[in-house]
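To start, the structure itself, in structure tokens.
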There are 2 protein chains.
Amino acid sequence: MVKIKKDHNAEERILAAAKKVFTTKGMAGARMQDIADEAGINKALVHYYFRDKDKLFEVVFLAEAQKFFPKINSIFNSEVPLFEKIENFVAEYIDEMQENPYLPWFVMNELHRDPDQFMYKIWGEKNLPKPQKLLEQIEKEVKKGTIKRISPIHLLMNLLSMTIFPFVARPMLTRNLRLNETQFKEVMDQRKKKSQNLFLIQSGNSFYEKNTDPLFFSAFSFDGADRATPGITKSL
Amino acid sequence: MVKIKKDHNAEERILAAAKKVFTTKGMAGARMQDIADEAGINKALVHYYFRDKDKLFEVVFLAEAQKFFPKINSIFNSEVPLFEKIENFVAEYIDEMQENPYLPWFVMNELHRDPDQFMYKIWGEKNLPKPQKLLEQIEKEVKKGTIKRISPIHLLMNLLSMTIFPFVARPMLTRNLRLNETQFKEVMDQRKKKSQNLFLIQSGNSFYEKNTDPLFFSAFSFDGADRATPGITKSL
DNA sequence: ATTTTTGTTAACCATTTGGTTAAACTATAT
DNA sequence: ATATAGTTTAACCAAATGGTTAACAAAAAT
């Protein structure tokens with residue numbers, strides 16, 4: 001008889017609670033008592049498992065951020081073609097953020113608080129991202145004439161911006177564009193699927209002419225149907 | 001004999017100090033003592049001028065955010081053509097952020113902390129942004145065939161992402177792309193100037209073919225010269 | 001069965017922090 | 001000169017908060 005129900009595991013409960021509280025209130029705004037309450041246990045127990053606030057934060061934060069960021073390297077340094085690479089990157093990141101909606105905020109927050117410390121924690125001394133491979137590929141495609149000449153800086157900026165920002169600015173976007181959570185998810189899924197159009201046309205891809213698909217389905221189409229949804233259009 | 005040197009104005013010094021401290025440490029992380037120290041005055045004086053922390057924050061924050069956000073409305077609702085509108089928007093925002101580098105972070109932070117409260121403070125009850133005009137213009141251009149069909153949602157998302165995100169993620173970008181502050185500014189100026197290419201080609205602008213300019217100057221060109229700067233390229 | 005280790009709690013403590021007070025100082029008006 | 005109003009400060013206070021302790025309970029080891 002195996003005890004499947006192990007949800008009274010204090011340590012895990014604390015971690016989950018800490019994640020939630022740190023994420024919503026930030027490191028400075030989070031209270032140890034909040035975390036204890038959220039986990040439904042005594043405050044001292046939080047200290048029992050994770051010495052102090054800094055340690056707890058470190059555990060929570062690093063666990064999340066370290067699996068989030070270093071993916072860049074492996075994707076960008078892989079041997080697949082440029083376009084596939086970009087597609088992989090976008091898909092991977094949007095998926096990750098769909099599952100952990102708090103993560104981009106969390107990361108940006110810490111990044112802003114102490115950039116150097118942050119970078120060190122994430123990448124360590126020697127493990128800094130090396131976009132060399134990617135830049136070479138861009139340059140190669142540029143020379144081949146497949147894509148128009150673009151500064152890799154801008155291409156990268158655009159790529160990161162269009163992938164990450166919607167999640168960072170989610171509260172603003174959902175509110176001002178009148179999107180509910182389901183619609184937001186759908187919109188992001190569209191971006192994932194259409195990342196080729198999104199990013200390559202953006203960078204001046206000469207495949208442009210071949211592209212007969214409307215960019216991101218037709219306008220106003222949220223629910224997958226290829227027609228206008230006037231309610232949303234109006235209120236937008 | 002006029003006393004030009006009025007830099008010992010306590011109230012202004014407090015405001016400037018508060019802006020700095022709130023921005024770097026966030027509302028929860030900011031200490032009244034920090035602000036007093038930064039302003040070089042006694043802590044009680046901060047309370048003398050701005051009752052309590054909340055009030056001070058409100059003054060600082062609203063002053064900044066209210067001049068930052070409502071510009072969207074006036075630009076997007078103006079009568080100028082779509083492409084000009086986009087150009088205005090990008091230029092206006094990048095300028096604003098160049099001058100107030102802390103602002104985007106500040107805004108995103110509050111936005112995340114309490115979206116509803118935030119939106120209310122910025123736009124009030126009835127002053128919500130109405131992208132109607134912009135959407136109509138997009139739709140018109142789509143129908144005219146000037147730009148390919150694109151969901152206004154995505155066009156707007158892309159526009160906002162590519163304009164705002166680089167400033168939000170500035171610490172990460174400057175560090176990972178090995179840009180110093182001057183270079184970052186230059187890159188953003190490039191984005192401002194080339195917003196047409198950036199955003200319209202991105203949205204499938206059929207003017208594409210007419211565009212013989214390289215997108216964002218040539219690759220690796222940071223210092224305005226149209227040649228490679230190997231140092232940066234290598235280290236990138 | 002009992003000792004030991006691990007997990008959990010209520011009560012407590014020290015420090016930090018937002019905020020107050022009363023006194024002093026400054027400039028201006030009378 | 002002196003009163004007055006505005007400005008600034010050191011000292012203080014109460015609440016909040018991170019962290020500790022000692023006692024207790026549960027589980028594991030002996």
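Residue names in the structure tokens use chain letters A, B, ... in the order shown, residue numbers from 1 in each chain, and ligand numbers from 1 in the order shown.
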*Hey, what's within 8 Å of region 40-52 of chain B if we count only C-alpha atoms (C1' of nucleotides) and toss same-chain stuff fewer than 5 positions away? As a ChimeraX atom specification, please?*
/B:10-11,14,32-33,35 /C:18-19 /D:8-9
Taking C-alpha atoms (C1' of nucleotides) for each residue, export the selection above as a compact mmCIF listing (two decimals), in the first residue's frame.
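Okay, selection.txt is ready:
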```txt
# COMPACT_ATOMS: atom_id res chain seq x y z
CA ALA B 10 14.56 70.29 -0.01
CA GLU B 11 11.32 69.34 -1.66
CA ILE B 14 13.50 64.64 -1.89
CA MET B 32 12.68 56.32 4.03
CA GLN B 33 16.14 56.68 5.50
CA ILE B 35 15.67 58.59 0.54
C1' DG C 18 7.81 54.01 9.29
C1' DG C 19 6.39 57.65 11.65
C1' DT D 8 15.26 71.26 9.84
C1' DT D 9 17.05 68.24 13.20
```
*Please return, as a ChimeraX atom specification, all residues of chain C lying within 12 Å of chain A when only C-alpha atoms (C1' of nucleotides) are considered.*
/C:6-11
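Remark: for chain D, the closest of the candidate residues A:Lys53, A:Asp37, A:Leu155, A:Lys25 is A:Lys53 (distances computed over only C-alpha atoms (C1' of nucleotides)).
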*Got a sec to tell me which of region 47-169 of chain A DSSP assigns to alpha helix (DSSP H), as an NGL selection string?*
:A and (47-49 or 53-68 or 71-76 or 82-99 or 103-113 or 115-123 or 132-144 or 152-168)
With C-alpha atoms retained, write the just-selected residues as an mmCIF file, in the first residue's frame.
```cif
data_model
loop_
_atom_site.group_PDB
_atom_site.id
_atom_site.type_symbol
_atom_site.label_atom_id
_atom_site.label_comp_id
_atom_site.auth_asym_id
_atom_site.auth_seq_id
_atom_site.Cartn_x
_atom_site.Cartn_y
_atom_site.Cartn_z
ATOM 1 C CA HIS A 47 13.632 28.675 8.932
ATOM 2 C CA TYR A 48 14.089 25.080 9.933
ATOM 3 C CA TYR A 49 14.191 24.003 6.316
ATOM 4 C CA LYS A 53 15.086 34.518 3.776
ATOM 5 C CA ASP A 54 18.066 34.970 1.488
ATOM 6 C CA LYS A 55 18.743 31.264 1.314
ATOM 7 C CA LEU A 56 15.120 30.492 0.616
ATOM 8 C CA PHE A 57 14.980 33.060 -2.108
ATOM 9 C CA GLU A 58 18.151 31.750 -3.631
ATOM 10 C CA VAL A 59 16.827 28.220 -3.753
ATOM 11 C CA VAL A 60 13.516 29.232 -5.274
ATOM 12 C CA PHE A 61 14.974 31.689 -7.660
ATOM 13 C CA LEU A 62 17.921 29.724 -8.901
ATOM 14 C CA ALA A 63 15.867 26.613 -9.397
ATOM 15 C CA GLU A 64 13.604 28.540 -11.705
ATOM 16 C CA ALA A 65 16.028 30.824 -13.449
ATOM 17 C CA GLN A 66 18.734 28.289 -14.080
ATOM 18 C CA LYS A 67 16.468 26.072 -16.054
ATOM 19 C CA PHE A 68 15.057 29.038 -17.885
ATOM 20 C CA LYS A 71 18.449 27.025 -22.699
ATOM 21 C CA ILE A 72 19.496 29.952 -24.834
ATOM 22 C CA ASN A 73 22.953 28.537 -25.183
ATOM 23 C CA SER A 74 21.959 25.058 -26.145
ATOM 24 C CA ILE A 75 19.457 26.246 -28.703
ATOM 25 C CA PHE A 76 21.599 28.961 -30.195
ATOM 26 C CA LEU A 82 19.008 29.427 -38.498
ATOM 27 C CA PHE A 83 15.308 29.469 -39.195
ATOM 28 C CA GLU A 84 14.733 26.260 -37.324
ATOM 29 C CA LYS A 85 16.788 27.618 -34.490
ATOM 30 C CA ILE A 86 14.654 30.690 -34.185
ATOM 31 C CA GLU A 87 11.545 28.576 -34.293
ATOM 32 C CA ASN A 88 12.900 26.328 -31.567
ATOM 33 C CA PHE A 89 13.837 29.251 -29.431
ATOM 34 C CA VAL A 90 10.445 30.891 -29.655
ATOM 35 C CA ALA A 91 8.526 27.679 -29.114
ATOM 36 C CA GLU A 92 10.677 26.643 -26.189
ATOM 37 C CA TYR A 93 10.411 29.985 -24.448
ATOM 38 C CA ILE A 94 6.748 30.532 -24.983
ATOM 39 C CA ASP A 95 6.053 27.056 -23.684
ATOM 40 C CA GLU A 96 8.199 27.614 -20.643
ATOM 41 C CA MET A 97 6.461 30.894 -19.919
ATOM 42 C CA GLN A 98 3.039 29.455 -20.450
ATOM 43 C CA GLU A 99 3.796 26.948 -17.736
ATOM 44 C CA LEU A 103 9.023 33.415 -14.267
ATOM 45 C CA PRO A 104 9.733 36.259 -16.685
ATOM 46 C CA TRP A 105 8.686 38.770 -14.101
ATOM 47 C CA PHE A 106 10.741 37.092 -11.440
ATOM 48 C CA VAL A 107 13.791 37.065 -13.647
ATOM 49 C CA MET A 108 13.437 40.643 -14.803
ATOM 50 C CA ASN A 109 12.970 41.732 -11.231
ATOM 51 C CA GLU A 110 16.163 40.179 -9.975
ATOM 52 C CA LEU A 111 17.985 41.197 -13.057
ATOM 53 C CA HIS A 112 17.113 44.753 -12.329
ATOM 54 C CA ARG A 113 17.907 44.592 -8.637
ATOM 55 C CA PRO A 115 22.455 42.673 -12.703
ATOM 56 C CA ASP A 116 25.971 41.469 -11.959
ATOM 57 C CA GLN A 117 25.032 39.242 -9.085
ATOM 58 C CA PHE A 118 22.194 37.872 -11.172
ATOM 59 C CA MET A 119 24.291 37.126 -14.196
ATOM 60 C CA TYR A 120 26.848 35.434 -12.075
ATOM 61 C CA LYS A 121 24.312 33.261 -10.341
ATOM 62 C CA ILE A 122 22.712 32.197 -13.589
ATOM 63 C CA TRP A 123 25.658 31.647 -15.810
ATOM 64 C CA GLN A 132 28.857 33.425 -31.860
ATOM 65 C CA LYS A 133 27.331 30.527 -33.705
ATOM 66 C CA LEU A 134 24.064 32.334 -34.197
ATOM 67 C CA LEU A 135 25.786 35.463 -35.435
ATOM 68 C CA GLU A 136 27.761 33.458 -37.935
ATOM 69 C CA GLN A 137 24.609 31.855 -39.201
ATOM 70 C CA ILE A 138 22.897 35.195 -39.567
ATOM 71 C CA GLU A 139 25.893 36.562 -41.404
ATOM 72 C CA LYS A 140 25.907 33.509 -43.664
ATOM 73 C CA GLU A 141 22.262 33.899 -44.555
ATOM 74 C CA VAL A 142 22.799 37.588 -45.118
ATOM 75 C CA LYS A 143 25.639 36.847 -47.533
ATOM 76 C CA LYS A 144 23.635 34.159 -49.253
ATOM 77 C CA PRO A 152 22.508 40.749 -35.362
ATOM 78 C CA ILE A 153 22.066 43.021 -32.367
ATOM 79 C CA HIS A 154 18.720 44.178 -33.651
ATOM 80 C CA LEU A 155 17.671 40.770 -34.815
ATOM 81 C CA LEU A 156 18.394 39.366 -31.383
ATOM 82 C CA MET A 157 16.706 42.267 -29.667
ATOM 83 C CA ASN A 158 13.620 41.819 -31.786
ATOM 84 C CA LEU A 159 13.572 38.116 -31.194
ATOM 85 C CA LEU A 160 13.852 38.455 -27.441
ATOM 86 C CA SER A 161 11.481 41.397 -27.292
ATOM 87 C CA MET A 162 8.683 39.777 -29.208
ATOM 88 C CA THR A 163 9.039 36.516 -27.348
ATOM 89 C CA ILE A 164 9.478 37.670 -23.781
ATOM 90 C CA PHE A 165 7.839 41.065 -23.491
ATOM 91 C CA PRO A 166 4.232 39.951 -23.889
ATOM 92 C CA PHE A 167 4.670 37.853 -20.760
ATOM 93 C CA VAL A 168 6.364 40.596 -18.808
#
```
*Between A:Gln183, A:Ser151, A:Thr174, A:Asn100, single out the one closest to chain B, counting only C-alpha atoms.*
A:Ser151
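Among D:DC13, D:DT20, D:DT7, D:DA29, the residue with the shortest atom-to-atom distance to chain B, counting only C-alpha atoms (C1' of nucleotides), is D:DT7.
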*Could the residues of chain D within 12 Å of chain A, counting only C-alpha atoms (C1' of nucleotides), be given as an NGL selection string, please?*
:D and (16-21)
Considering only C-alpha atoms (C1' of nucleotides), return as an mmCIF file with N, CA and C atoms (P, O5', C5', C4', C3', O3' and C1' of nucleotides), in the first residue's frame whatever protein or nucleic-acid residues lie within 12 Å of DT2 (chain D), sequence-local ones (same chain, fewer than 5 positions apart) excluded.
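The resulting file, out_5.cif, is reproduced below:
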```cif
data_model
loop_
_atom_site.group_PDB
_atom_site.id
_atom_site.type_symbol
_atom_site.label_atom_id
_atom_site.label_comp_id
_atom_site.auth_asym_id
_atom_site.auth_seq_id
_atom_site.Cartn_x
_atom_site.Cartn_y
_atom_site.Cartn_z
ATOM 1 P P DT C 28 13.903 85.776 3.343
ATOM 2 O "O5'" DT C 28 12.462 86.355 3.682
ATOM 3 C "C5'" DT C 28 11.426 85.467 4.121
ATOM 4 C "C4'" DT C 28 10.461 86.186 5.028
ATOM 5 C "C3'" DT C 28 10.290 87.677 4.723
ATOM 6 O "O3'" DT C 28 8.918 87.922 4.502
ATOM 7 C "C1'" DT C 28 10.524 87.315 7.040
ATOM 8 P P DA C 29 8.437 89.356 3.936
ATOM 9 O "O5'" DA C 29 7.430 89.781 5.101
ATOM 10 C "C5'" DA C 29 6.543 88.800 5.634
ATOM 11 C "C4'" DA C 29 5.991 89.277 6.967
ATOM 12 C "C3'" DA C 29 5.478 90.711 6.966
ATOM 13 O "O3'" DA C 29 4.289 90.773 7.731
ATOM 14 C "C1'" DA C 29 7.152 90.482 8.611
ATOM 15 P P DT C 30 3.474 92.130 7.775
ATOM 16 O "O5'" DT C 30 3.845 92.745 9.183
ATOM 17 C "C5'" DT C 30 3.553 91.997 10.377
ATOM 18 C "C4'" DT C 30 3.992 92.786 11.606
ATOM 19 C "C3'" DT C 30 3.676 94.273 11.501
ATOM 20 O "O3'" DT C 30 2.835 94.663 12.587
ATOM 21 C "C1'" DT C 30 5.924 93.936 12.178
#
```
*Have a look at CA of Ala16 (chain B) and CA of Val187 (chain B) and let me know their distance in Å, one decimal.*
27.7 Å
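Minimum atom-to-atom distances from A:Asp189, A:Asp34, A:Glu12, A:Glu79 to chain B were compared using only C-alpha atoms, and the lowest value belongs to A:Asp189.
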_Using only C-alpha atoms (C1' of nucleotides), which protein or nucleic acid residues come within 9 Å of DT30 (chain D)? Drop anything in the same chain fewer than 6 positions from it, and give the result as JSON, numbers by chain._
{"C": [2, 3, 4]}
